[in-house]
>>> print(open('input18.csv').read())   # CSV, C-alpha atoms
chain,number,residue,atom,x,y,z
A,70,MET,CA,-143.8,-41.1,-1.1
A,71,THR,CA,-146.6,-38.9,0.2
A,72,ASP,CA,-145.0,-38.8,3.7
A,73,LEU,CA,-141.7,-37.5,2.4
A,74,PRO,CA,-140.9,-33.7,2.3
A,75,ASP,CA,-140.9,-31.9,-1.0
A,76,THR,CA,-137.6,-30.1,-0.2
A,77,MET,CA,-134.3,-31.0,1.5
A,78,ARG,CA,-131.1,-29.6,2.8
A,79,ALA,CA,-128.2,-29.8,0.4
A,80,LEU,CA,-124.6,-28.6,0.5
A,81,MET,CA,-124.3,-27.0,-2.9
A,82,LEU,CA,-121.0,-26.2,-4.6
A,83,THR,CA,-122.0,-23.0,-6.4
A,84,ALA,CA,-118.4,-22.2,-7.6
A,85,ARG,CA,-114.9,-23.2,-6.9
A,86,ASP,CA,-114.3,-23.2,-3.1
A,87,THR,CA,-117.9,-21.9,-2.5
A,88,LEU,CA,-120.0,-24.3,-0.6
A,89,GLU,CA,-123.5,-23.2,0.5
A,90,LEU,CA,-126.2,-24.9,2.6
A,91,GLN,CA,-129.4,-24.5,0.6
A,92,GLN,CA,-133.0,-25.8,0.7
A,93,VAL,CA,-133.7,-27.5,-2.7
A,94,PRO,CA,-136.3,-29.8,-4.2
A,95,ARG,CA,-136.1,-33.4,-3.2
A,96,PRO,CA,-135.4,-35.7,-6.1
A,97,SER,CA,-137.6,-38.7,-7.0
A,98,PRO,CA,-136.4,-42.1,-8.2
A,99,GLY,CA,-137.0,-43.3,-11.8
A,100,PRO,CA,-137.0,-46.8,-13.2
A,101,GLY,CA,-134.3,-48.9,-11.6
A,102,GLN,CA,-133.5,-46.2,-9.1
A,103,ILE,CA,-133.8,-45.8,-5.3
A,104,LEU,CA,-134.3,-42.8,-3.1
A,105,VAL,CA,-132.0,-42.9,0.0
A,106,ARG,CA,-132.4,-40.9,3.2
A,107,VAL,CA,-128.7,-40.1,3.8
A,108,ALA,CA,-127.4,-40.9,7.3
A,109,ALA,CA,-123.8,-39.6,6.9
A,110,SER,CA,-121.2,-38.9,4.3
A,111,PRO,CA,-117.4,-38.6,5.0
A,112,VAL,CA,-115.0,-36.0,3.8
A,113,ASN,CA,-112.2,-37.6,1.7
A,114,PRO,CA,-109.2,-36.0,-0.1
A,115,SER,CA,-111.1,-36.5,-3.4
A,116,ASP,CA,-113.9,-34.3,-1.9
A,117,LEU,CA,-111.3,-31.6,-1.1
A,118,MET,CA,-110.2,-31.8,-4.8
A,119,THR,CA,-113.8,-31.5,-5.8
A,120,LEU,CA,-114.3,-28.4,-3.8
A,121,LYS,CA,-111.3,-26.9,-5.6
A,122,GLY,CA,-112.5,-27.9,-9.0
A,123,GLU,CA,-109.7,-30.3,-9.5
A,124,TYR,CA,-111.4,-33.7,-9.4
A,125,GLY,CA,-112.6,-35.6,-12.4
A,126,ILE,CA,-116.3,-34.9,-12.0
A,127,ASP,CA,-117.8,-33.5,-15.2
A,128,ALA,CA,-120.5,-31.4,-13.6
A,129,ASP,CA,-121.6,-27.8,-14.0
A,130,TYR,CA,-122.1,-25.5,-11.0
A,131,PRO,CA,-124.1,-25.7,-8.9
A,132,PHE,CA,-124.0,-29.3,-7.8
A,133,VAL,CA,-124.0,-31.4,-4.6
A,134,PRO,CA,-120.6,-32.9,-3.7
A,135,GLY,CA,-120.1,-36.1,-1.7
A,136,LEU,CA,-118.8,-39.3,-3.3
A,137,GLU,CA,-119.8,-41.9,-0.7
A,138,GLY,CA,-122.1,-42.3,2.2
A,139,SER,CA,-124.8,-44.5,3.8
A,140,GLY,CA,-128.5,-44.3,4.5
A,141,VAL,CA,-131.8,-46.0,4.3
A,142,VAL,CA,-133.8,-46.7,1.2
A,143,VAL,CA,-137.1,-44.8,1.6
A,144,ALA,CA,-138.6,-45.0,-2.0
A,145,ALA,CA,-138.0,-47.1,-5.1
A,146,GLY,CA,-138.7,-46.8,-8.8
A,147,SER,CA,-139.7,-49.8,-10.9
A,148,GLY,CA,-137.5,-52.8,-11.1
A,149,LEU,CA,-136.9,-55.9,-9.0
A,150,MET,CA,-133.6,-54.8,-7.5
A,151,ALA,CA,-134.9,-51.3,-6.6
A,152,ARG,CA,-138.0,-52.8,-4.9
A,153,TRP,CA,-135.9,-55.4,-3.1
A,154,LEU,CA,-133.8,-52.7,-1.5
A,155,MET,CA,-136.8,-50.8,-0.1
A,156,GLY,CA,-136.3,-50.2,3.6
A,157,LYS,CA,-132.7,-51.5,3.7
A,158,ARG,CA,-129.6,-49.8,5.1
A,159,VAL,CA,-127.2,-49.3,2.3
A,160,ALA,CA,-123.7,-48.0,1.5
A,161,LEU,CA,-123.4,-45.8,-1.5
A,162,ALA,CA,-120.6,-44.7,-3.9
A,163,THR,CA,-121.8,-42.5,-6.7
A,164,GLY,CA,-118.5,-41.5,-8.4
A,165,VAL,CA,-120.2,-38.2,-9.3
A,166,GLY,CA,-121.2,-36.6,-6.0
A,167,GLY,CA,-124.6,-36.0,-4.6
A,168,LEU,CA,-124.3,-37.4,-1.1
A,169,TRP,CA,-123.9,-34.2,0.9
A,170,ALA,CA,-127.7,-33.8,1.1
A,171,ASP,CA,-130.7,-35.2,3.0
A,172,TYR,CA,-131.7,-37.4,0.1
A,173,VAL,CA,-130.0,-38.8,-3.0
A,174,VAL,CA,-131.3,-40.8,-6.0
A,175,VAL,CA,-128.9,-43.5,-7.3
A,176,ASP,CA,-129.2,-46.5,-9.5
A,177,ALA,CA,-130.1,-49.6,-7.5
A,178,ALA,CA,-126.9,-51.3,-8.7
A,179,ARG,CA,-124.8,-48.7,-6.9
A,180,ALA,CA,-126.2,-49.5,-3.5
A,181,LEU,CA,-124.7,-52.2,-1.3
A,182,PRO,CA,-126.9,-53.5,1.6
A,183,LEU,CA,-125.0,-53.3,4.9
A,184,PRO,CA,-124.5,-56.5,7.0
A,185,ALA,CA,-126.3,-56.5,10.3
A,186,GLY,CA,-123.1,-56.0,12.3
A,187,VAL,CA,-122.0,-52.9,10.3
A,188,SER,CA,-123.1,-49.5,11.5
A,189,LEU,CA,-124.3,-46.7,9.3
A,190,GLY,CA,-121.2,-44.7,10.3
A,191,SER,CA,-118.8,-47.4,9.2
A,192,GLY,CA,-120.9,-48.1,6.1
A,193,ALA,CA,-120.6,-44.5,5.1
A,194,MET,CA,-116.8,-45.0,4.7
A,195,SER,CA,-116.9,-48.4,3.1
A,196,ALA,CA,-116.2,-47.6,-0.5
A,197,VAL,CA,-113.6,-45.0,-1.4
A,198,ASN,CA,-110.7,-45.9,0.9
A,199,PRO,CA,-111.3,-49.7,1.3
A,200,LEU,CA,-111.8,-50.3,-2.4
A,201,THR,CA,-108.7,-48.2,-3.2
A,202,ALA,CA,-106.6,-50.3,-0.8
A,203,ILE,CA,-108.0,-53.5,-2.4
A,204,ALA,CA,-107.3,-52.2,-5.9
A,205,LEU,CA,-103.8,-51.0,-5.3
A,206,ILE,CA,-102.6,-54.2,-3.6
A,207,SER,CA,-104.3,-56.3,-6.3
A,208,LEU,CA,-102.4,-54.3,-8.9
A,209,ALA,CA,-99.1,-54.9,-7.1
A,210,ARG,CA,-99.7,-58.6,-6.8
A,211,LYS,CA,-100.9,-58.9,-10.5
A,212,GLY,CA,-97.6,-57.2,-11.5
A,213,GLY,CA,-95.5,-59.7,-9.5
A,214,HIS,CA,-94.6,-57.1,-6.8
A,215,TRP,CA,-94.1,-58.3,-3.2
A,216,SER,CA,-92.9,-55.0,-1.9
A,217,VAL,CA,-94.2,-51.4,-2.4
A,218,VAL,CA,-93.6,-47.9,-1.3
A,219,SER,CA,-96.7,-46.1,0.1
A,220,THR,CA,-96.7,-42.3,0.5
A,221,GLY,CA,-99.2,-40.5,2.7
A,222,ALA,CA,-98.9,-43.6,4.9
A,223,GLY,CA,-100.0,-41.7,8.1
A,224,GLY,CA,-103.5,-41.2,6.9
A,225,GLN,CA,-106.6,-43.4,7.0
A,226,LEU,CA,-106.0,-44.8,3.5
A,227,GLY,CA,-102.3,-45.4,4.2
A,228,ARG,CA,-103.3,-47.5,7.2
A,229,MET,CA,-105.7,-49.5,5.1
A,230,ILE,CA,-103.1,-50.1,2.4
A,231,ARG,CA,-100.6,-51.3,5.1
A,232,LYS,CA,-103.1,-53.7,6.7
A,233,ARG,CA,-104.4,-55.0,3.3
A,234,ALA,CA,-100.8,-55.6,2.2
A,235,ARG,CA,-100.0,-57.5,5.4
A,236,GLU,CA,-103.0,-59.8,4.7
A,237,LYS,CA,-101.7,-60.5,1.2
A,238,GLY,CA,-98.0,-60.9,2.1
A,239,VAL,CA,-96.8,-57.6,0.6
A,240,LYS,CA,-94.1,-55.6,2.4
A,241,VAL,CA,-94.7,-51.9,2.6
A,242,ILE,CA,-92.2,-49.0,2.9
A,243,ASN,CA,-94.3,-46.4,4.6
A,244,VAL,CA,-93.5,-42.7,3.8
A,245,VAL,CA,-94.8,-40.0,6.2
A,246,ARG,CA,-94.1,-36.3,6.5
A,247,ARG,CA,-93.7,-35.8,10.3
A,248,ALA,CA,-91.6,-37.3,13.0
A,249,GLU,CA,-94.6,-38.0,15.3
A,250,GLN,CA,-96.1,-40.1,12.5
A,251,VAL,CA,-93.0,-42.3,12.4
A,252,ALA,CA,-93.4,-43.1,16.1
A,253,GLN,CA,-97.1,-43.7,15.7
A,254,LEU,CA,-96.7,-46.1,12.8
A,255,GLU,CA,-93.9,-48.0,14.5
A,256,ALA,CA,-96.1,-48.3,17.6
A,257,GLU,CA,-98.8,-49.8,15.4
A,258,GLY,CA,-96.3,-52.5,14.3
A,259,ALA,CA,-95.1,-51.0,10.9
A,260,ARG,CA,-91.5,-52.2,10.2
A,261,HIS,CA,-90.3,-49.8,7.5
A,262,VAL,CA,-91.2,-46.1,8.1
A,263,LEU,CA,-89.4,-43.1,6.7
A,264,ASN,CA,-89.9,-39.4,7.2
A,265,SER,CA,-89.7,-37.5,3.9
A,266,SER,CA,-88.6,-34.4,5.8
A,267,ASP,CA,-85.4,-36.1,7.1
A,268,ALA,CA,-82.1,-35.1,5.5
A,269,ARG,CA,-81.2,-38.8,4.7
A,270,PHE,CA,-84.7,-39.7,3.4
A,271,ASP,CA,-83.7,-40.2,-0.3
A,272,GLU,CA,-80.7,-42.3,0.6
A,273,ASP,CA,-82.6,-44.4,3.1
A,274,LEU,CA,-85.5,-44.9,0.7
A,275,ALA,CA,-83.1,-46.0,-2.1
A,276,ARG,CA,-81.4,-48.5,0.4
A,277,LEU,CA,-84.7,-50.0,1.4
A,278,CYS,CA,-85.9,-50.3,-2.2
A,279,ARG,CA,-82.6,-52.1,-3.0
A,280,ASP,CA,-82.9,-54.4,0.0
A,281,LEU,CA,-86.6,-55.2,-0.7
A,282,ARG,CA,-86.2,-55.3,-4.5
A,283,CYS,CA,-89.0,-52.7,-4.6
A,284,ARG,CA,-90.2,-51.6,-8.1
A,285,MET,CA,-93.7,-50.2,-7.3
A,286,ALA,CA,-94.9,-47.2,-5.4
A,287,PHE,CA,-98.4,-45.8,-4.6
A,288,ASP,CA,-98.1,-42.0,-4.6
A,289,ALA,CA,-100.7,-40.0,-2.7
A,290,VAL,CA,-98.6,-36.9,-2.6
A,291,GLY,CA,-97.5,-35.8,-6.1
A,292,GLY,CA,-95.3,-32.8,-6.5
A,293,ALA,CA,-91.6,-33.5,-6.0
A,294,MET,CA,-92.3,-36.8,-4.3
A,295,THR,CA,-93.1,-38.5,-7.5
A,296,GLY,CA,-89.6,-37.8,-8.9
A,297,ARG,CA,-88.0,-38.9,-5.6
A,298,LEU,CA,-89.8,-42.2,-5.8
A,299,VAL,CA,-88.6,-42.8,-9.4
A,300,ALA,CA,-85.0,-42.1,-8.3
A,301,ALA,CA,-85.2,-44.5,-5.3
A,302,LEU,CA,-87.0,-47.4,-6.8
A,303,ARG,CA,-85.2,-50.2,-8.7
A,304,PRO,CA,-84.9,-49.9,-12.5
A,305,LYS,CA,-88.0,-50.6,-14.6
A,306,SER,CA,-90.2,-49.5,-11.8
A,307,GLU,CA,-93.8,-48.2,-11.8
A,308,VAL,CA,-95.3,-45.3,-9.8
A,309,LEU,CA,-99.1,-45.1,-9.5
A,310,VAL,CA,-100.2,-41.6,-8.7
A,311,TYR,CA,-103.6,-41.7,-7.0
A,312,GLY,CA,-103.6,-38.5,-4.9
A,313,ALA,CA,-102.3,-34.9,-4.8
A,314,LEU,CA,-101.7,-34.1,-1.2
A,315,GLU,CA,-98.9,-31.8,-2.2
A,316,GLN,CA,-101.3,-29.8,-4.3
A,317,SER,CA,-98.6,-29.1,-6.9
A,318,ALA,CA,-97.6,-30.5,-10.3
A,319,VAL,CA,-95.6,-33.7,-10.5
A,320,GLN,CA,-91.8,-33.0,-10.7
A,321,LEU,CA,-89.8,-35.6,-12.7
A,322,HIS,CA,-86.4,-35.3,-14.3
A,323,PRO,CA,-86.5,-36.8,-17.8
A,324,GLY,CA,-83.2,-38.5,-17.3
A,325,LYS,CA,-84.5,-40.5,-14.4
A,326,LEU,CA,-87.5,-41.6,-16.4
A,327,ILE,CA,-85.5,-42.6,-19.4
A,328,PHE,CA,-82.4,-44.2,-18.0
A,329,ARG,CA,-84.3,-46.1,-15.3
A,330,GLU,CA,-87.0,-47.1,-17.8
A,331,ALA,CA,-89.6,-46.1,-15.2
A,332,THR,CA,-93.3,-45.8,-15.7
A,333,VAL,CA,-95.5,-43.1,-14.0
A,334,ARG,CA,-99.2,-43.4,-14.5
A,335,GLY,CA,-102.4,-42.2,-12.8
A,336,PHE,CA,-104.9,-44.4,-10.9
A,337,TRP,CA,-108.5,-43.5,-10.4
A,338,LEU,CA,-110.8,-45.8,-8.6
A,339,SER,CA,-113.9,-44.7,-10.5
A,340,GLN,CA,-112.2,-45.9,-13.7
A,341,TRP,CA,-110.7,-49.1,-12.3
A,342,LEU,CA,-113.9,-50.5,-10.8
A,343,PRO,CA,-116.0,-50.7,-14.0
A,344,ARG,CA,-113.1,-52.6,-15.8
A,345,GLN,CA,-113.2,-55.4,-13.2
A,346,GLY,CA,-116.5,-57.0,-14.4
A,347,LEU,CA,-119.5,-57.6,-12.2
A,348,PRO,CA,-118.3,-60.8,-10.3
A,349,ARG,CA,-115.0,-59.2,-9.3
A,350,LEU,CA,-116.7,-55.9,-8.4
A,351,LEU,CA,-119.2,-57.7,-6.2
A,352,MET,CA,-116.4,-59.7,-4.5
A,353,ALA,CA,-114.4,-56.5,-3.8
A,354,ALA,CA,-117.4,-54.8,-2.4
A,355,ARG,CA,-118.1,-57.8,-0.2
A,356,GLU,CA,-114.5,-57.8,1.0
A,357,ALA,CA,-114.7,-54.1,1.9
A,358,THR,CA,-117.9,-54.4,3.9
A,359,GLN,CA,-116.8,-57.5,5.7
A,360,ALA,CA,-113.5,-55.8,6.7
A,361,LEU,CA,-115.5,-53.0,8.4
A,362,GLY,CA,-116.1,-55.3,11.4
A,363,GLY,CA,-112.5,-55.2,12.6
A,364,GLY,CA,-110.5,-55.9,9.5
A,365,PHE,CA,-108.3,-53.6,7.3
A,366,ALA,CA,-111.2,-51.3,6.3
A,367,VAL,CA,-111.8,-49.8,9.7
A,368,SER,CA,-111.5,-46.0,9.7
A,369,GLU,CA,-111.1,-43.7,12.7
A,370,VAL,CA,-113.6,-40.8,13.0
A,371,ALA,CA,-112.3,-37.6,14.4
A,372,ARG,CA,-115.5,-35.6,14.3
A,373,ILE,CA,-119.2,-35.8,13.4
A,374,VAL,CA,-120.8,-32.5,12.2
A,375,PRO,CA,-124.2,-31.4,11.0
A,376,PRO,CA,-124.4,-29.8,7.5
A,377,GLU,CA,-124.7,-26.4,9.2
A,378,ALA,CA,-121.1,-26.9,10.5
A,379,ALA,CA,-119.8,-28.7,7.5
A,380,GLN,CA,-117.4,-26.0,6.4
A,381,ASP,CA,-115.6,-26.0,9.8
A,382,GLY,CA,-115.5,-29.8,9.8
A,383,ILE,CA,-114.0,-29.8,6.3
A,384,ALA,CA,-111.3,-27.3,7.2
A,385,GLU,CA,-110.4,-29.3,10.3
A,386,TYR,CA,-110.1,-32.5,8.3
A,387,ALA,CA,-107.9,-30.8,5.7
A,388,ALA,CA,-105.6,-29.4,8.4
A,389,ASN,CA,-105.0,-32.9,10.0
A,390,MET,CA,-106.2,-35.8,7.8
A,391,SER,CA,-104.2,-38.4,9.9
A,392,ALA,CA,-106.4,-37.6,12.9
A,393,GLY,CA,-109.4,-39.3,11.4
A,394,LYS,CA,-112.4,-38.7,9.2
A,395,THR,CA,-115.0,-36.0,9.3
A,396,LEU,CA,-118.5,-37.3,9.0
A,397,ILE,CA,-121.3,-35.0,7.9
A,398,ARG,CA,-124.5,-36.2,9.5
A,399,PHE,CA,-127.8,-35.7,7.7
A,400,SER,CA,-130.2,-37.7,9.8
A,401,ASP,CA,-130.9,-38.6,13.5
A,402,ALA,CA,-130.1,-42.3,12.8
A,403,ASP,CA,-127.6,-43.9,15.2
A,404,LEU,CA,-124.3,-43.9,13.3
A,405,GLY,CA,-122.7,-46.4,15.7
A,406,VAL,CA,-119.3,-44.7,15.7
A,407,THR,CA,-117.6,-42.5,18.4
A,408,PRO,CA,-115.6,-39.5,17.3
A,409,THR,CA,-112.1,-39.1,18.9
A,410,ALA,CA,-112.1,-35.3,18.8
>>> encode(input="input18.csv", output="structure tokens")
Amino acid sequence: MTDLPDTMRALMLTARDTLELQQVPRPSPGPGQILVRVAASPVNPSDLMTLKGEYGIDADYPFVPGLEGSGVVVAAGSGLMARWLMGKRVALATGVGGLWADYVVVDAARALPLPAGVSLGSGAMSAVNPLTAIALISLARKGGHWSVVSTGAGGQLGRMIRKRAREKGVKVINVVRRAEQVAQLEAEGARHVLNSSDARFDEDLARLCRDLRCRMAFDAVGGAMTGRLVAALRPKSEVLVYGALEQSAVQLHPGKLIFREATVRGFWLSQWLPRQGLPRLLMAAREATQALGGGFAVSEVARIVPPEAAQDGIAEYAANMSAGKTLIRFSDADLGVTPTA
């Protein structure tokens, strides 16, 4: 590691909503670990929650955010797996941050080698959204559900859920928040699309849930939407809350919960994945990376920004998530993706 710099750039979260670009010491890998030169890391809704101090990371300030990304392994500690990964392009998902920096140290088991046809830019977005789509649809099928409601359906993850559901034969009632999103999803081939801002939304949602015998919802919004879902779904339904786009507390009338015998529970990918066991985990990771080449896991990229412009890129993403991802670039490596903005 003699040719590597002693310091690196890192976006440090020093307090809630306070992100600073700093020069800090470069970490070194220990036994079973690898050092990755980060190529890029996306901004996800979970990252926005991290910046606000509302995500489930148990970390003291200051720390480096960034839950997923891609890069090249430039150094390895002891261990067969770590040494085998040396020089390889990898996708990473830490679950605890650390990827908004020039370098990151991770356990070798958390790195997934990228197939030859998958770019570093696509690989940077191969974990959080694709694995969430895989997990949610698998939970629906495991529960015997062949129709679901999906809120936040106009975003990148909403598209992945819809495409993954189509692959598995699950019908989706897509809920968006703007009229232009209805037209966009219908143009993409979505059959059931509702605008939560419409006056007839609750009535139309209940009708579709009745017609499709829908008893499960994936809620990316929270706030009042959770209660509206419980009211519309068939009795003995289940709502999985996996996001908080509304940035407000879940609102739910006790009577609806009691008399409809509904269940509302949280879903967190970081807790779901370890419970799957290694064979299922490897299979899901392989499915996600394979689907980057034109399958359900493809994400649109709205912009690519250097760490010096990260705060502007984060703000633009937060203002219009459905336009595509913001990628923070940390190296000169070819990312292989073209931004739309």
>>> closest_residue(input="input18.csv", among="A:Ala196, A:Asn264, A:Ala256, A:Ser219", to="Asn243 (chain A)", atoms="all atoms listed in the file")
A:Ser219
>>> residues_around(input="input18.csv", residues="Gly312 (chain A)", least_positions_apart="4", cutoff="10 Å", atoms="all atoms listed in the file", output="PyMOL selection string")
chain A and resi 114-115+118+220-221+287-291+316+335-337
>>> atom_distance(input="input18.csv", atom1="CA of Asp116 (chain A)", atom2="CA of Gly135 (chain A)")
6.5 Å
>>> residues_near_point(input="input18.csv", point="(-95.9, -54.1, -4.4)", cutoff="10 Å", atoms="all atoms listed in the file", output="list in words")
Leu205, Ile206, Ser207, Leu208, Ala209, Arg210, Lys211, Gly212, Gly213, His214, Trp215, Ser216, Val217, Val218, Ser219, Ala234, Gly238, Val239, Lys240, Val241, Ile242, Arg282, Cys283, Arg284, Met285, Ala286, Phe287 and Glu307 of chain A
>>> residues_around(input="input18.csv", residues="region 200-203 of chain A", least_positions_apart="3", cutoff="8 Å", atoms="all atoms listed in the file", output="number ranges by chain")
A: 195-197, 206-207, 226, 229-230, 233, 338, 353-354, 357
>>> residues_around(input="input18.csv", residues="region 99-107 of chain A", least_positions_apart="6", cutoff="6 Å", atoms="only C-alpha atoms", output="list in words")
Ser139, Gly140, Val141, Val142, Val143, Ala144, Ala145, Gly146, Ser147, Gly148, Ala151, Asp171, Tyr172, Val173, Val174, Val175, Asp176, Ala177 and Phe399 of chain A
>>> residues_around(input="input18.csv", residues="Glu330 (chain A)", least_positions_apart="2", cutoff="12 Å", atoms="only C-alpha atoms", output="compact mmCIF listing (two decimals) with C-alpha atoms, in the frame of the given file")
# COMPACT_ATOMS: atom_id res chain seq x y z
CA ARG A 284 -90.20 -51.60 -8.10
CA VAL A 299 -88.60 -42.80 -9.40
CA ALA A 300 -85.00 -42.10 -8.30
CA LEU A 302 -87.00 -47.40 -6.80
CA ARG A 303 -85.20 -50.20 -8.70
CA PRO A 304 -84.90 -49.90 -12.50
CA LYS A 305 -88.00 -50.60 -14.60
CA SER A 306 -90.20 -49.50 -11.80
CA GLU A 307 -93.80 -48.20 -11.80
CA VAL A 308 -95.30 -45.30 -9.80
CA PRO A 323 -86.50 -36.80 -17.80
CA GLY A 324 -83.20 -38.50 -17.30
CA LYS A 325 -84.50 -40.50 -14.40
CA LEU A 326 -87.50 -41.60 -16.40
CA ILE A 327 -85.50 -42.60 -19.40
CA PHE A 328 -82.40 -44.20 -18.00
CA THR A 332 -93.30 -45.80 -15.70
CA VAL A 333 -95.50 -43.10 -14.00
>>> closest_residue(input="input18.csv", among="A:Ser265, A:Leu82, A:Trp169, A:Leu117", to="Glu385 (chain A)", atoms="all atoms listed in the file")
A:Leu117
>>> atom_distance(input="input18.csv", atom1="CA of Thr163 (chain A)", atom2="CA of Ser339 (chain A)")
9.0 Å
>>> atom_distance(input="input18.csv", atom1="CA of Asp267 (chain A)", atom2="CA of Val310 (chain A)")
22.3 Å
>>> closest_residue(input="input18.csv", among="A:Gly346, A:Pro199, A:Gly224, A:Gly138", to="Gln250 (chain A)", atoms="all atoms listed in the file")
A:Gly224
>>> closest_residue(input="input18.csv", among="A:Ser368, A:Thr407, A:Thr76, A:Thr358", to="Ala185 (chain A)", atoms="only C-alpha atoms")
A:Thr358
